[in-house]
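> Okay, handing you the structure first.
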Amino acid sequence: MTEDPHMVVLDSPQANSATAREAAAEYLAKNCPWADFDAVLLVIAELVANAARHTSGWWRLRMHSGREELVVEMDDSSAQLPVPREPDFSGGGGFGWHMMLKLAGRVEVRPLPEGKQVRATWPRPTQAFPAY
């Protein structure tokens, strides 16, 4: 994990889904109390599970936030882009991508020279001030 207090970086094989959720929960508590913890942790768990399941190489998870948004990025060694599938209620999966698209404010996929990046962002809510 990085020493930068404004960023979390986890690399395989030093981390797993549980490590990622723990690091994310700590980061969110300190830096993004406004974020929907459950939504962010579900997306992170899905990203790590997919990277572990669908790639044969490395993955790197990064979280960082600024004044306007929270960003979660998963880089992995697979160039194959996520494909929405029809959910299989008999245990075959197909729920994760749909879930991520609903839970995150925005989801983008970018090709990398040796794989891809899935980027999920959540906008920081704007505070409504009473009119005077």
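Labels for the structure tokens follow display order: chains A, B, ..., residues from 1 in each chain, ligands from 1.
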Quick one: residues within 10 Å of region 7-22 of chain A, only C-alpha atoms, excluding same-chain residues fewer than 4 positions away - as a VMD selection string?
chain A and resid 1 to 3 26 to 28 31 40 to 49 51 to 52 57 to 65 71 to 76
> Go through chain A and collect every residue that DSSP, computed from the backbone, puts in strand (DSSP E); the answer should be as a ChimeraX atom specification.
/A:7-11,59-65,69-76,106-112,115-123
> Pick from A:Leu70, A:Met99, A:Ala25, A:Ala79: nearest to Thr121 (chain A), with only C-alpha atoms counted?
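Looking only at the distances to Thr121 (chain A), the closest residue turns out to be A:Leu70.
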> Go ahead and compute the interatomic distance for CA of Pro111 (chain A) and CA of Glu69 (chain A), in Å to one decimal.
22.2 Å
> Kindly give the distance, in Å, that separates CA of Val107 (chain A) and CA of Arg119 (chain A), rounded to a single decimal.
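One can read the CA of Val107 (chain A) to CA of Arg119 (chain A) distance as 5.6 Å.
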> Tell me, as a PyMOL selection string, which residues lie within 9 Å of Trp34 (chain A), counting only C-alpha atoms; anything in the same chain fewer than 5 positions away does not count.
chain A and resi 28-29+124-125
> Using DSSP on the backbone, list every residue of chain A that comes out as alpha helix (DSSP H), and give them as a VMD selection string.
chain A and resid 17 to 31 37 to 54 96 to 103
> With only C-alpha atoms as the basis for distance, which of A:Phe95, A:Arg67, A:Asn50, A:Phe89 is at the shortest distance from Val118 (chain A)?
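Ranking A:Phe95, A:Arg67, A:Asn50, A:Phe89 by distance to Val118 (chain A), first place goes to A:Asn50.
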> What gap, in Å, lies between CA of Arg106 (chain A) and CA of Ala120 (chain A)?
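Separation of CA of Arg106 (chain A) and CA of Ala120 (chain A): 5.7 Å.
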